[in-house]
Each structure stands twice: as C-alpha cells, then as structure tokens.
file input_30.cif (mmCIF, C-alpha atoms)
data_model
loop_
_atom_site.label_atom_id
_atom_site.label_comp_id
_atom_site.auth_asym_id
_atom_site.auth_seq_id
_atom_site.Cartn_x
_atom_site.Cartn_y
_atom_site.Cartn_z
CA MET I 1 23.84 107.03 160.59
CA ARG I 2 24.72 110.73 160.44
CA PRO I 3 28.19 110.24 161.99
CA LEU I 4 28.85 107.53 159.39
CA ILE I 5 28.09 110.06 156.65
CA THR I 6 30.40 112.66 158.19
CA PHE I 7 33.13 110.03 158.48
CA VAL I 8 32.78 109.31 154.75
CA VAL I 9 32.69 113.03 153.95
CA GLY I 10 35.86 113.59 155.99
CA PHE I 11 37.54 110.65 154.28
CA ILE I 12 36.73 111.85 150.76
CA PHE I 13 37.53 115.45 151.67
CA ALA I 14 40.99 114.42 152.89
CA ILE I 15 41.74 112.63 149.61
CA GLY I 16 40.75 115.74 147.65
CA LEU I 17 42.89 117.99 149.82
CA ALA I 18 45.95 115.76 149.62
CA LEU I 19 45.69 115.24 145.85
CA SER I 20 45.28 118.96 145.24
CA GLY I 21 48.42 120.14 147.03
CA MET I 22 46.57 122.00 149.81
CA THR I 23 48.45 119.86 152.34
CA GLN I 24 51.83 121.19 151.20
CA PRO I 25 52.70 124.56 152.80
CA HIS I 26 55.12 125.58 150.02
CA VAL I 27 52.42 125.00 147.38
CA VAL I 28 49.88 127.12 149.27
CA ARG I 29 52.40 129.90 149.88
CA GLY I 30 53.33 129.75 146.20
CA PHE I 31 49.66 130.32 145.38
CA LEU I 32 49.54 133.38 147.65
CA ASP I 33 52.86 134.72 146.31
CA ILE I 34 51.23 136.52 143.40
CA PHE I 35 53.96 139.18 143.27
CA GLY I 36 56.74 136.58 143.28
CA SER I 37 56.95 133.16 141.64
CA TRP I 38 53.19 132.69 141.54
CA ASN I 39 51.95 129.11 141.41
CA TYR I 40 48.36 129.55 140.29
CA SER I 41 47.51 125.82 140.23
CA LEU I 42 45.50 126.00 143.45
CA MET I 43 42.90 128.10 141.65
CA GLY I 44 41.87 124.75 140.21
CA VAL I 45 40.99 123.46 143.70
CA MET I 46 38.52 126.19 144.51
CA GLY I 47 37.33 126.30 140.91
CA GLY I 48 36.67 122.57 140.78
CA ALA I 49 35.06 122.41 144.21
CA ILE I 50 32.83 125.45 143.64
CA ALA I 51 31.85 124.36 140.12
CA LEU I 52 30.65 120.97 141.31
CA HIS I 53 29.12 122.09 144.59
CA SER I 54 27.23 125.09 143.22
CA ILE I 55 25.37 122.77 140.84
CA ALA I 56 24.82 120.19 143.59
CA PHE I 57 23.66 122.91 145.98
CA TYR I 58 21.09 124.14 143.48
CA LEU I 59 19.74 120.61 142.95
CA ILE I 60 19.83 119.51 146.61
CA ARG I 61 18.06 122.66 147.82
CA LYS I 62 15.05 121.75 145.69
CA ARG I 63 14.39 119.07 148.30
CA ALA I 64 12.30 119.97 151.35
CA THR I 65 14.72 118.17 153.69
CA PRO I 66 18.08 116.41 153.56
CA LEU I 67 17.94 112.60 153.48
CA LEU I 68 18.84 112.05 157.15
CA ASP I 69 17.48 115.09 158.93
CA ALA I 70 14.16 116.90 159.32
CA GLN I 71 15.66 120.19 158.12
CA PHE I 72 18.65 121.86 156.55
CA HIS I 73 21.11 123.56 158.91
CA LEU I 74 22.51 126.28 156.68
CA PRO I 75 24.08 129.49 158.01
CA THR I 76 21.46 132.22 158.34
CA LYS I 77 23.59 135.27 159.17
CA LYS I 78 23.44 138.01 156.57
CA ASP I 79 25.16 140.97 158.24
CA ILE I 80 28.53 142.19 157.02
CA ASP I 81 30.23 143.18 160.25
CA LEU I 82 33.67 143.80 161.67
CA ARG I 83 33.84 140.30 163.19
CA LEU I 84 33.47 138.70 159.78
CA LEU I 85 36.12 140.84 158.10
CA ALA I 86 38.56 141.04 161.02
CA GLY I 87 38.29 137.29 161.50
CA ALA I 88 38.98 136.67 157.81
CA ALA I 89 41.94 139.09 157.91
CA ILE I 90 43.48 137.39 160.97
CA PHE I 91 42.89 133.98 159.43
CA GLY I 92 44.45 135.13 156.14
CA LEU I 93 47.57 136.40 157.89
CA GLY I 94 48.02 133.01 159.59
CA TRP I 95 47.19 131.06 156.44
CA GLY I 96 49.81 132.90 154.41
CA TRP I 97 52.40 132.81 157.17
CA ALA I 98 52.56 129.03 157.37
CA GLY I 99 50.78 128.01 154.17
CA ILE I 100 48.30 125.76 155.89
CA CYS I 101 44.63 126.05 156.87
CA PRO I 102 42.50 123.95 159.26
CA GLY I 103 41.41 121.01 157.06
CA PRO I 104 44.75 120.38 155.36
CA SER I 105 46.59 120.64 158.69
CA PHE I 106 44.86 117.49 159.98
CA VAL I 107 45.45 115.65 156.71
CA ALA I 108 49.12 116.68 156.63
CA ALA I 109 49.53 115.66 160.28
CA VAL I 110 49.41 111.97 159.34
CA SER I 111 52.92 112.37 157.91
CA GLY I 112 54.12 113.11 161.44
CA ASP I 113 55.56 116.53 160.46
CA THR I 114 56.22 118.11 163.87
CA ASN I 115 55.74 121.66 162.56
CA ILE I 116 52.25 120.74 161.42
CA LEU I 117 51.51 119.21 164.82
CA TRP I 118 52.63 122.45 166.48
CA PHE I 119 50.39 124.35 164.10
CA ILE I 120 47.39 122.25 165.13
CA ALA I 121 48.15 122.60 168.84
CA SER I 122 48.43 126.36 168.50
CA MET I 123 45.28 126.54 166.34
CA LEU I 124 43.34 124.71 169.06
CA GLY I 125 44.82 127.19 171.54
CA GLY I 126 43.65 130.12 169.41
CA MET I 127 40.18 128.60 169.22
CA GLY I 128 40.17 128.03 172.97
CA VAL I 129 41.12 131.67 173.61
CA PHE I 130 38.32 132.81 171.30
CA LYS I 131 35.76 130.57 173.01
CA PHE I 132 36.92 131.84 176.40
CA LEU I 133 36.64 135.50 175.39
CA GLU I 134 33.29 134.85 173.76
CA ALA I 135 31.95 133.17 176.90
CA LYS I 136 33.18 136.16 178.95
CA LYS I 137 31.31 138.46 176.52
CA VAL I 138 34.57 140.20 175.66
CA LEU I 139 33.97 139.31 172.01
CA MET K 1 46.79 122.07 137.64
CA VAL K 2 45.04 118.80 136.67
CA ASN K 3 45.65 117.35 140.14
CA ALA K 4 44.33 120.54 141.70
CA ILE K 5 41.13 120.42 139.65
CA ILE K 6 40.60 116.71 140.38
CA GLY K 7 41.24 117.41 144.07
CA GLY K 8 38.77 120.28 143.92
CA LEU K 9 36.08 118.12 142.31
CA ILE K 10 36.58 115.48 145.02
CA ILE K 11 36.23 118.17 147.69
CA GLY K 12 33.08 119.41 145.93
CA LEU K 13 31.71 115.86 146.00
CA ALA K 14 32.45 115.51 149.73
CA VAL K 15 30.67 118.72 150.72
CA SER K 16 27.73 117.83 148.45
CA ILE K 17 27.31 114.47 150.22
CA MET K 18 27.26 116.34 153.54
CA LEU K 19 24.55 118.67 152.29
CA LEU K 20 22.42 115.95 150.70
CA PHE K 21 22.44 113.57 153.67
CA ASN K 22 22.96 115.75 156.74
CA GLY K 23 21.82 119.13 155.44
CA ARG K 24 24.93 120.92 156.66
CA VAL K 25 27.77 122.97 155.24
CA THR K 26 31.21 121.41 155.63
CA GLY K 27 33.17 124.08 157.45
CA ILE K 28 36.25 122.59 159.06
CA SER K 29 36.91 125.37 161.57
CA GLY K 30 33.27 125.38 162.65
CA ILE K 31 33.17 121.59 163.04
CA LEU K 32 36.39 121.78 165.07
CA GLY K 33 35.16 124.69 167.18
CA GLY K 34 32.18 122.54 168.17
CA ILE K 35 34.55 119.81 169.35
CA ILE K 36 36.58 121.99 171.68
CA ALA K 37 33.44 123.58 173.17
CA PRO K 38 30.90 120.76 172.73
CA LYS K 39 27.14 121.15 173.04
CA LYS K 40 24.82 118.34 174.05
CA ASN K 41 24.03 115.80 171.29
CA ASP K 42 26.23 117.70 168.88
CA PHE K 43 29.55 115.92 169.22
CA ASP K 44 29.55 112.49 167.52
CA TRP K 45 29.22 113.66 163.93
CA ARG K 46 31.97 116.23 164.43
CA LEU K 47 34.38 113.67 165.86
CA ALA K 48 33.48 111.19 163.11
CA PHE K 49 34.34 113.84 160.53
CA PHE K 50 37.84 114.26 161.93
CA ILE K 51 38.40 110.51 162.19
CA GLY K 52 37.41 110.36 158.51
CA LEU K 53 39.75 113.22 157.66
CA LEU K 54 42.69 111.49 159.37
CA SER K 55 41.81 108.11 157.84
CA GLY K 56 41.59 109.54 154.32
CA GLY K 57 44.86 111.34 154.93
CA ALA K 58 46.50 108.11 156.10
CA LEU K 59 45.35 106.28 152.96
CA LEU K 60 46.75 109.00 150.70
CA PHE K 61 49.98 109.15 152.68
CA TYR K 62 50.36 105.42 152.02
CA LEU K 63 49.49 105.68 148.31
CA LYS K 64 51.04 109.06 147.43
CA PRO K 65 53.59 110.14 150.05
CA GLU K 66 54.98 112.75 147.64
CA GLN K 67 51.82 114.82 148.26
CA PHE K 68 52.94 115.25 151.88
CA VAL K 69 56.42 116.62 151.23
CA ASN K 70 56.78 120.00 152.95
CA LEU K 71 59.48 122.14 151.31
CA SER K 72 58.67 125.25 153.35
CA GLN K 73 61.61 126.80 155.23
CA ALA K 74 59.35 128.22 157.95
CA SER K 75 60.39 127.59 161.55
CA THR K 76 58.39 125.94 164.31
CA VAL K 77 57.77 129.39 165.80
CA ASP K 78 56.27 130.47 162.47
CA TYR K 79 53.86 127.53 162.58
CA ILE K 80 52.90 128.31 166.17
CA ILE K 81 52.19 131.98 165.39
CA ALA K 82 50.26 131.04 162.27
CA GLY K 83 48.25 128.33 164.03
CA PHE K 84 47.08 130.73 166.72
CA LEU K 85 45.99 133.32 164.14
CA VAL K 86 44.18 130.67 162.10
CA GLY K 87 42.35 129.24 165.13
CA PHE K 88 41.31 132.61 166.53
CA GLY K 89 40.53 134.24 163.16
CA THR K 90 38.40 131.41 161.79
CA LEU K 91 36.13 131.32 164.85
CA LEU K 92 35.86 135.12 164.96
CA GLY K 93 35.02 135.24 161.24
CA ASN K 94 32.79 132.12 161.29
CA GLY K 95 34.70 130.08 158.77
CA CYS K 96 37.73 129.23 156.71
CA THR K 97 38.63 128.00 153.25
CA SER K 98 36.04 125.21 153.32
CA GLY K 99 33.03 126.85 154.96
CA HIS K 100 33.31 130.29 153.34
CA GLY K 101 35.58 129.54 150.38
CA VAL K 102 33.88 126.42 149.00
CA CYS K 103 30.44 126.02 150.59
CA GLY K 104 29.65 129.70 151.03
CA ILE K 105 30.64 130.85 147.57
CA SER K 106 28.68 127.93 146.07
CA ARG K 107 25.61 129.20 147.95
CA LEU K 108 26.37 132.74 146.66
CA SER K 109 26.56 133.98 150.25
CA ILE K 110 27.69 137.61 150.25
CA ARG K 111 29.33 137.12 153.68
CA SER K 112 31.36 134.20 152.35
CA ILE K 113 32.40 135.98 149.17
CA LEU K 114 33.65 138.97 151.19
CA SER K 115 35.34 136.69 153.71
CA THR K 116 37.13 134.75 150.98
CA LEU K 117 38.33 137.89 149.21
CA THR K 118 39.57 139.19 152.57
CA PHE K 119 41.46 136.09 153.67
CA ILE K 120 43.06 135.61 150.27
CA GLY K 121 44.05 139.29 150.23
CA PHE K 122 45.55 139.07 153.71
CA GLY K 123 47.18 135.76 152.79
CA VAL K 124 48.94 137.51 149.92
CA LEU K 125 49.91 140.34 152.29
CA SER K 126 51.21 137.82 154.83
CA VAL K 127 53.50 136.18 152.27
CA LEU K 128 54.78 139.63 151.29
CA ILE K 129 55.52 140.55 154.93
CA TYR K 130 57.15 137.16 155.54
CA LYS K 131 59.40 137.51 152.50
CA SER K 132 60.33 141.13 153.20
CA LEU K 133 61.33 140.29 156.79
CA ARG K 134 63.65 137.63 155.42
CA GLY K 135 65.04 139.82 152.64
CA GLU K 136 63.53 137.54 149.98
CA LEU K 137 61.74 140.25 148.01
#
call {"tool": "encode", "arguments": {"input": "input_30.cif", "output": "structure tokens"}}
result
Amino acid sequence: MRPLITFVVGFIFAIGLALSGMTQPHVVRGFLDIFGSWNYSLMGVMGGAIALHSIAFYLIRKRATPLLDAQFHLPTKKDIDLRLLAGAAIFGLGWGWAGICPGPSFVAAVSGDTNILWFIASMLGGMGVFKFLEAKKVL
Amino acid sequence: MVNAIIGGLIIGLAVSIMLLFNGRVTGISGILGGIIAPKKNDFDWRLAFFIGLLSGGALLFYLKPEQFVNLSQASTVDYIIAGFLVGFGTLLGNGCTSGHGVCGISRLSIRSILSTLTFIGFGVLSVLIYKSLRGEL
C-alpha cells in the first residue's frame, strides 16, 4: 500500500512542478537572476507549497502515527555543520548553472530533451561519487 | 504567478499526502539517493515515487506541452557540470528544493531554512558567474 501512496504523491508532485514552471530551465534561471531581468513568479511555488504544507504539517503531527506506518520518519538532525552549508552551496551553484533541480529534471525528461537527460545522468554520477566517498569514510 | 501558486499548492498537497499516509518528508534527492545505494526493504516505495513522477510528467506533457519548452541557451556541457554539482551537493547537504525548501521550512527546521537561504544565494551567484563569463552582464 505504501508504494501506491508514493506513486500517487509522485504523480501529483509532477503535475505541480510542471504547472509551476519549475521544469523550464529559463524560468528557474530568471527567478535566480535577481540583478538582471528578475522573474519573481517562482516565489509563488514555494509560497504556495509552504503555506499549504505548514498547516497540514501542524495538523498531521497531532496524530500519534501516520495512517500506514507505526511511526513518523522525520529528519532528526539538528546540527548546523559544514556539510549542510557546503552541500547547499554546491547544489545552488549547479541549480543556477542549468536552471534545474532533481525533481523537475525527471518531470522535464519526459519531453525527451537530451540536455535534461545528460543532466540526470551526471546528477546520478555525482550522487554515486558522493556515496562512494562516504562509504570510504572520506566524507 | 497564478500558475506558480497553483503549482505550489499542488506540490504542498502531494507532500502532505506523503506525511499523512507514510509519515515521511518528500525529499527528491534523498529518495533518489536511496535508489542508487539501496538498503534492504527500502526500495519499492522510492521506485514507485519516481514512476509516479514520470507518469504525472507524461500526462502534463500530453495536456500542456508548452510547460516543457526549454528556452535556455546553455550547452550540454553546462548541463553535465550542473548535474554533477546538484547530485553531489544535495547528498552532502541532505536535501534539495523539496526536502529542505518545502518540507523543511514547513516544519520550521533551522537546518532547512539555512540550507534554502544558502542554495538560493549560491543559485543567484551561479547565474551571475554564468552571465559574466558570457559577457551578458
């Protein structure tokens, strides 16, 4: 049952991403181009998503458990460390460079755009390198 | 802007369904990271998520192909460089736009708020560097 839920979540998520413009690299780069021809419309994506989910989060967390699991699996880390900030900085550089982030890349890939497919392949490579270094205790 | 807000509300609905039923945050990079280095009994739901993501994308591509037009002039090499940074950075920093930006901020996680400010700041910087290298400033 749980995979069925995640399928539905992925399906709905993709519709939201595609409608919002997050799947279009020039729109995302326009949002990050605050010193140029700034396209602020994507503020509405985060604003809308956070507005709805923060209320839902508050209500759902009043429950002892989720509907299909014995417990919640929320992140527990609290420390502000170099990994968190360096990772975000590296991610931000990549996000701005191409104008695409992980979720929208998979949604945009259905159009068959070869640049997006290269992005995904390289992203998986970057993740693989990280997992390798982490397993070797380098990171 | 209206489309962006509607899209955002739909995304908010999706991550709320995930939390209510499965008790998890919807962080795309984290879900993907668990696919490329799978743990026992922790694979099906992740794969199902991506099948859903592609299926939803396919439906929208059929209904609204204009939402998939990519007017960026960036080269294939640019996408390859960017992809590597995104893959490596999101696993190092435990999340991306969905996990930190949407789910984390909604939970008022300090880590996620700092992460989001950082990746947006460096995203802005990246666009500046990109444009200056191409003489577009």
call {"tool": "atom_distance", "arguments": {"input": "input_30.cif", "atom1": "CA of Asp69 (chain I)", "atom2": "CA of Pro104 (chain I)"}}
result
28.0 Å
call {"tool": "closest_residue", "arguments": {"input": "input_30.cif", "among": "I:Ser105, I:Met123, I:Met1, I:Leu117", "to": "chain K", "atoms": "all atoms listed in the file"}}
result
I:Met123
call {"tool": "atom_distance", "arguments": {"input": "input_30.cif", "atom1": "CA of Ala49 (chain I)", "atom2": "CA of Ala4 (chain K)"}}
result
9.8 Å
call {"tool": "atom_distance", "arguments": {"input": "input_30.cif", "atom1": "CA of Pro38 (chain K)", "atom2": "CA of Val86 (chain K)"}}
result
19.7 Å
call {"tool": "residues_around", "arguments": {"input": "input_30.cif", "residues": "Ile120 (chain I)", "least_positions_apart": "6", "cutoff": "10 Å", "atoms": "only C-alpha atoms", "output": "ChimeraX atom specification"}}
result
/I:100-102,105-106,109,114,126 /K:79-80,82-84,86-87
call {"tool": "closest_residue", "arguments": {"input": "input_30.cif", "among": "K:Ile110, K:Gly93, K:Ser75, K:Phe88", "to": "Tyr130 (chain K)", "atoms": "only C-alpha atoms"}}
result
K:Ser75
call {"tool": "closest_atom_pairs", "arguments": {"input": "input_30.cif", "of": "chain K", "to": "chain I", "cutoff": "6 Å", "atoms": "all atoms listed in the file", "output": "CSV"}}
result
residue,atom,partner,partner_atom,distance
K:Met1,CA,I:Ser41,CA,4.6
K:Asn3,CA,I:Ser20,CA,5.4
K:Ala4,CA,I:Ser20,CA,4.0
K:Ile5,CA,I:Gly44,CA,4.4
K:Gly7,CA,I:Gly16,CA,4.0
K:Gly8,CA,I:Val45,CA,3.9
K:Leu9,CA,I:Gly48,CA,4.7
K:Ile10,CA,I:Gly16,CA,4.9
K:Ile11,CA,I:Phe13,CA,5.0
K:Gly12,CA,I:Ala49,CA,4.0
K:Ala14,CA,I:Val9,CA,4.9
K:Ser16,CA,I:His53,CA,5.9
K:Leu20,CA,I:Pro66,CA,5.2
K:Phe21,CA,I:Leu67,CA,4.6
K:Asn22,CA,I:Leu68,CA,5.6
K:Gly23,CA,I:Phe72,CA,4.3
K:Arg24,CA,I:His73,CA,5.2
K:Ile28,CA,I:Gly103,CA,5.8
K:Trp45,CA,I:Pro3,CA,4.1
K:Ala48,CA,I:Phe7,CA,4.8
K:Phe49,CA,I:Phe7,CA,4.5
K:Gly52,CA,I:Phe11,CA,4.2
K:Leu53,CA,I:Gly10,CA,4.2
K:Leu54,CA,I:Val107,CA,5.7
K:Gly56,CA,I:Phe11,CA,4.2
K:Gly57,CA,I:Val107,CA,4.7
K:Ala58,CA,I:Val110,CA,5.8
K:Asn70,CA,I:Gln24,CA,5.4
K:Leu71,CA,I:His26,CA,5.7
K:Ser72,CA,I:His26,CA,4.9
K:Thr76,CA,I:Asn115,CA,5.3
K:Tyr79,CA,I:Phe119,CA,4.9
K:Ile80,CA,I:Phe119,CA,5.1
K:Ala82,CA,I:Gly94,CA,4.0
K:Gly83,CA,I:Met123,CA,4.2
K:Phe84,CA,I:Gly126,CA,4.4
K:Leu85,CA,I:Gly94,CA,5.0
K:Val86,CA,I:Phe91,CA,4.4
K:Gly87,CA,I:Met123,CA,4.2
K:Phe88,CA,I:Gly126,CA,4.5
K:Gly89,CA,I:Gly87,CA,4.1
K:Thr90,CA,I:Phe91,CA,5.7
K:Leu92,CA,I:Gly87,CA,4.8
K:Gly93,CA,I:Gly87,CA,3.9
K:Val102,CA,I:Ile50,CA,5.5
K:Ser106,CA,I:Ser54,CA,4.3
K:Ser115,CA,I:Ala88,CA,5.5
K:Thr118,CA,I:Ala89,CA,5.8
K:Phe119,CA,I:Gly92,CA,4.0
K:Phe122,CA,I:Gly92,CA,4.8
K:Gly123,CA,I:Gly96,CA,4.2
K:Val124,CA,I:Leu32,CA,4.8
K:Ser126,CA,I:Leu93,CA,5.0
K:Val127,CA,I:Gly96,CA,5.4
